[in-house]
Amino acid sequence: MLEVRGLRSGYRRSTVLQGVDLDVGAGRVLGLLGRNGVGKTTLVHTLMGLVTATAGTVRIDGRDVTGRRPDVVARAGVGLVPQGRRVWPPLTVTEHLDLAARRGRGAGPWDVPRVLELLPRLGERRRHAAGQLSGGEQQMLAIARALLTNPRLVLMDEPSDGLAPAVVDQIGGAIGGMKAEGVTLLVVEQDLHLAFAVADDIAVMDKGRIVHRSSTREFRSDSSVAHALLGVA
Amino acid sequence: MIGWFDANLVSILNGFAIGSLLFILAVGLSIVFGMMDVLNLAHGAFFLVGSYLSVTFLAGASWGGFLTALGVAALVGLLAGGVLSGMTEPLARRPILDQALLTLGISLIVAEVLSIVYGNDVRSVRPPPGLRGSTDVAGDAYPTYRLLLIGIGLALALVVWLVVERTSVGALVRASVADREMVSAMGIDNRKVKVAVLGLGSMLATVAGVLAAPVYGARPGLDETILLLALVVIVIGGLGSIRGALIGALVIGQVESLGRALLPDLASFILFGTLALVLVVRPRGLFAGKVAHS
Ligand SMILES: Nc1ncnc2c1ncn2[C@@H]1O[C@H](COP(=O)(O)OP(=O)(O)OP(=O)(O)O)[C@@H](O)[C@H]1O
Ligand SMILES: [Mg+2]
């Protein structure tokens, strides 16, 4: 589904990704862990085309999308739930859903009723401006917005960031619902509970490279790995 | 209070006429800048093109000429905005200043061409037949055409507001102002939105030039005066905000007209004083539409 080979990218003064190799199989959920500032968001943005790759390739279902514009990558079947949610504050929930559904309508299982079934809280807030929603509701809106483009691959960047445990559980439930529909997911997460709950496989990033890759079960059974790579017990 | 109002009614009405023109001008400028970081310094030149089109098509002689000038100006504006959008695209990832310099260059070229074609004299344009007289407004004789201008300006303001705030196309524009990367992540090509908005915004500028010609005529330098006022309006109102552009335009319209009438020596000072005051109190303008990202 997603194949990344030797991907390098960064910003004006610094190269952040130092050659990333990564695969996510169709219908799988990969949890991507890593300390602050190791390049997780840069990877997600480079996959999406928001940051330009300087070397390497990104393939979606075999199609090379390296260096393409974000709207091209999105139409190739990639949805983004960005770090910090980045909803459009002045737009209402309904306006978000309509805008997101413009292109993806009919291209897959997700339409507004289905998405509201998965994220019922949004249904109660339809007339509210996104800027007035709670953090958890904004996160759900960011998920709904990505799903309505009917993506085959969803990139989620720290969906639990700053949310209360009960809300994190709901986000985890939504990820489960997406997976049940066959959506492939790359979930960047600092919250190990959520990562372990949703991910089939775990990858760990450090200094712009993938330094570990295993099934979630293996990763959990050997706590020394987590300790060495993430500095957690 | 009522006496003061009466004495200054003409200035106040003039302020509304300037204000509604400024809104039509500023709204395109503001949305394009808020949305795409393109500061279109050719906006004033587009306005002046509209004014000179009124001269060419003898808009003052007949309604046919006036309407032809409006139609041609609308087309020219649409095209000019589209071309400008294409020209700024290669600079899209460069700093805002690079694109602003490009549009400044274009505006200088346009102004030069206009002065070669039309000369450097002030060209005046009469209002179309039937609108040349004056109308009684609370005891004052006020030029009928200016009343119409106020009406058209407010009507256009309402239409623009309704489209931006109440339609799905408007939602796309507001989303693009707030965070265009996330719009592109929905599979929507930002460049198409930019062409459309820059085209329509430039169209409003050339149309405003035609509408304003019977009041301000056409002359070299008018482009810069108009651009400066429109820039003050969007800085006061906040980038990318319709409401901000409207309120900013009405305030600056009154400052320009009433200020000039009451305190002629201080008019420019009041204009920039208002600007400075707003920037001190609300650095992002009264109604910022743009969201800052770290
Ligand atoms: N827009 C930018 N311009 C320049 N440098 C940046 C930019 N964004 C991130 N960086 C730098 O790139 C490096 C990687 O940042 P990135 O955001 O990818 O890390 P991350 O793993 O997502 O961190 P976090 O867990 O805090 O979200 C950091 O050193 C950061 O300072
Ligand atoms: Mg990050």
# chains A, B, ... in the order shown; residues from 1 in each chain; ligands from 1

call {"tool": "select_by_dssp", "arguments": {"residues": "segment 72-178 of chain A", "states": "strand (DSSP E)", "output": "list in words"}}
result
Val78, Gly79, Leu80, Val81, Leu153, Val154, Leu155, Met156 and Asp157 of chain A

call {"tool": "write_last_selection", "arguments": {"atoms": "all heavy atoms", "output": "mmCIF file, in the first residue's frame"}}
result
data_model
loop_
_atom_site.group_PDB
_atom_site.id
_atom_site.type_symbol
_atom_site.label_atom_id
_atom_site.label_comp_id
_atom_site.auth_asym_id
_atom_site.auth_seq_id
_atom_site.Cartn_x
_atom_site.Cartn_y
_atom_site.Cartn_z
ATOM 1 N N VAL A 78 -4.749 9.530 -0.372
ATOM 2 C CA VAL A 78 -4.151 9.749 0.942
ATOM 3 C C VAL A 78 -4.912 10.850 1.692
ATOM 4 O O VAL A 78 -5.145 11.921 1.146
ATOM 5 C CB VAL A 78 -2.664 10.150 0.820
ATOM 6 C CG1 VAL A 78 -2.033 10.262 2.202
ATOM 7 C CG2 VAL A 78 -1.907 9.139 -0.034
ATOM 8 N N GLY A 79 -5.294 10.557 2.932
ATOM 9 C CA GLY A 79 -5.956 11.546 3.781
ATOM 10 C C GLY A 79 -5.020 11.955 4.898
ATOM 11 O O GLY A 79 -4.180 11.173 5.340
ATOM 12 N N LEU A 80 -5.140 13.203 5.374
ATOM 13 C CA LEU A 80 -4.250 13.704 6.415
ATOM 14 C C LEU A 80 -5.043 14.215 7.612
ATOM 15 O O LEU A 80 -5.954 15.018 7.465
ATOM 16 C CB LEU A 80 -3.378 14.842 5.849
ATOM 17 C CG LEU A 80 -2.493 15.594 6.853
ATOM 18 C CD1 LEU A 80 -1.437 14.681 7.452
ATOM 19 C CD2 LEU A 80 -1.838 16.805 6.181
ATOM 20 N N VAL A 81 -4.679 13.711 8.792
ATOM 21 C CA VAL A 81 -5.184 14.276 10.050
ATOM 22 C C VAL A 81 -3.954 14.880 10.719
ATOM 23 O O VAL A 81 -3.178 14.180 11.357
ATOM 24 C CB VAL A 81 -5.813 13.187 10.945
ATOM 25 C CG1 VAL A 81 -6.371 13.805 12.233
ATOM 26 C CG2 VAL A 81 -6.916 12.451 10.184
ATOM 27 N N LEU A 153 -5.432 5.446 2.375
ATOM 28 C CA LEU A 153 -4.400 5.559 3.407
ATOM 29 C C LEU A 153 -4.641 6.840 4.184
ATOM 30 O O LEU A 153 -4.827 7.904 3.597
ATOM 31 C CB LEU A 153 -3.013 5.609 2.745
ATOM 32 C CG LEU A 153 -1.830 5.992 3.649
ATOM 33 C CD1 LEU A 153 -1.555 4.897 4.680
ATOM 34 C CD2 LEU A 153 -0.579 6.264 2.815
ATOM 35 N N VAL A 154 -4.678 6.733 5.523
ATOM 36 C CA VAL A 154 -4.826 7.937 6.339
ATOM 37 C C VAL A 154 -3.559 8.135 7.167
ATOM 38 O O VAL A 154 -3.084 7.205 7.820
ATOM 39 C CB VAL A 154 -6.052 7.853 7.270
ATOM 40 C CG1 VAL A 154 -6.064 9.008 8.263
ATOM 41 C CG2 VAL A 154 -7.337 7.868 6.458
ATOM 42 N N LEU A 155 -2.984 9.341 7.092
ATOM 43 C CA LEU A 155 -1.839 9.698 7.915
ATOM 44 C C LEU A 155 -2.346 10.502 9.100
ATOM 45 O O LEU A 155 -2.967 11.549 8.914
ATOM 46 C CB LEU A 155 -0.862 10.567 7.099
ATOM 47 C CG LEU A 155 -0.480 10.040 5.716
ATOM 48 C CD1 LEU A 155 0.341 11.092 4.951
ATOM 49 C CD2 LEU A 155 0.300 8.737 5.832
ATOM 50 N N MET A 156 -2.123 9.980 10.329
ATOM 51 C CA MET A 156 -2.588 10.706 11.516
ATOM 52 C C MET A 156 -1.381 11.107 12.343
ATOM 53 O O MET A 156 -0.567 10.268 12.692
ATOM 54 C CB MET A 156 -3.476 9.807 12.383
ATOM 55 C CG MET A 156 -4.833 9.527 11.818
ATOM 56 S SD MET A 156 -5.721 8.530 13.042
ATOM 57 C CE MET A 156 -7.077 9.574 13.324
ATOM 58 N N ASP A 157 -1.309 12.390 12.670
ATOM 59 C CA ASP A 157 -0.143 12.884 13.400
ATOM 60 C C ASP A 157 -0.553 13.292 14.818
ATOM 61 O O ASP A 157 -1.198 14.314 15.012
ATOM 62 C CB ASP A 157 0.466 14.063 12.634
ATOM 63 C CG ASP A 157 1.903 14.364 13.068
ATOM 64 O OD1 ASP A 157 2.343 13.809 14.090
ATOM 65 O OD2 ASP A 157 2.562 15.158 12.369
#

call {"tool": "interface_residues", "arguments": {"of": "chain B", "to": "chain A", "cutoff": "12 Å", "atoms": "only C-alpha atoms", "output": "ChimeraX atom specification"}}
result
/B:93-94,164-192,240-241,287-294

call {"tool": "residues_near_ligand", "arguments": {"ligand": "ligand 1", "cutoff": "6 Å", "atoms": "only C-alpha atoms and all ligand atoms", "output": "PyMOL selection string"}}
result
chain A and resi 11+16+35-42

call {"tool": "write_last_selection", "arguments": {"atoms": "N, CA and C atoms", "output": "compact mmCIF listing (two decimals), in the first residue's frame"}}
result
# COMPACT_ATOMS: atom_id res chain seq x y z
N TYR A 11 14.17 21.24 5.67
CA TYR A 11 13.83 22.64 5.50
C TYR A 11 15.06 23.39 5.00
N VAL A 16 16.13 16.93 7.50
CA VAL A 16 15.56 16.25 8.66
C VAL A 16 15.49 14.75 8.40
N ARG A 35 10.88 10.18 19.73
CA ARG A 35 10.96 11.34 20.61
C ARG A 35 10.62 12.63 19.88
N ASN A 36 10.45 13.70 20.66
CA ASN A 36 10.17 15.01 20.06
C ASN A 36 11.27 15.42 19.10
N GLY A 37 10.88 15.92 17.95
CA GLY A 37 11.84 16.53 17.03
C GLY A 37 12.65 15.57 16.19
N VAL A 38 12.29 14.27 16.18
CA VAL A 38 13.09 13.33 15.38
C VAL A 38 12.68 13.33 13.91
N GLY A 39 11.57 13.99 13.59
CA GLY A 39 11.19 14.10 12.18
C GLY A 39 9.90 13.40 11.79
N LYS A 40 9.06 13.06 12.78
CA LYS A 40 7.82 12.34 12.47
C LYS A 40 6.87 13.19 11.62
N THR A 41 6.68 14.44 12.07
CA THR A 41 5.79 15.32 11.32
C THR A 41 6.38 15.64 9.94
N THR A 42 7.69 15.81 9.90
CA THR A 42 8.34 16.06 8.60
C THR A 42 8.09 14.89 7.66

call {"tool": "residues_around", "arguments": {"residues": "Leu102 of chain B", "least_positions_apart": "6", "cutoff": "9 Å", "atoms": "only C-alpha atoms", "output": "PyMOL selection string"}}
result
chain B and resi 40-41+87-88

call {"tool": "write_last_selection", "arguments": {"atoms": "N, CA and C atoms", "output": "mmCIF file, in the first residue's frame"}}
result
data_model
loop_
_atom_site.group_PDB
_atom_site.id
_atom_site.type_symbol
_atom_site.label_atom_id
_atom_site.label_comp_id
_atom_site.auth_asym_id
_atom_site.auth_seq_id
_atom_site.Cartn_x
_atom_site.Cartn_y
_atom_site.Cartn_z
ATOM 1 N N ASN B 40 -1.203 42.115 -4.116
ATOM 2 C CA ASN B 40 -1.305 42.576 -5.497
ATOM 3 C C ASN B 40 -1.223 44.096 -5.590
ATOM 4 N N LEU B 41 -0.020 44.598 -5.781
ATOM 5 C CA LEU B 41 0.173 46.043 -5.867
ATOM 6 C C LEU B 41 -0.263 46.596 -7.214
ATOM 7 N N MET B 87 1.432 34.438 -13.428
ATOM 8 C CA MET B 87 2.770 35.020 -13.319
ATOM 9 C C MET B 87 3.353 34.903 -11.916
ATOM 10 N N THR B 88 2.506 34.944 -10.902
ATOM 11 C CA THR B 88 3.026 34.862 -9.540
ATOM 12 C C THR B 88 3.280 33.412 -9.120
#
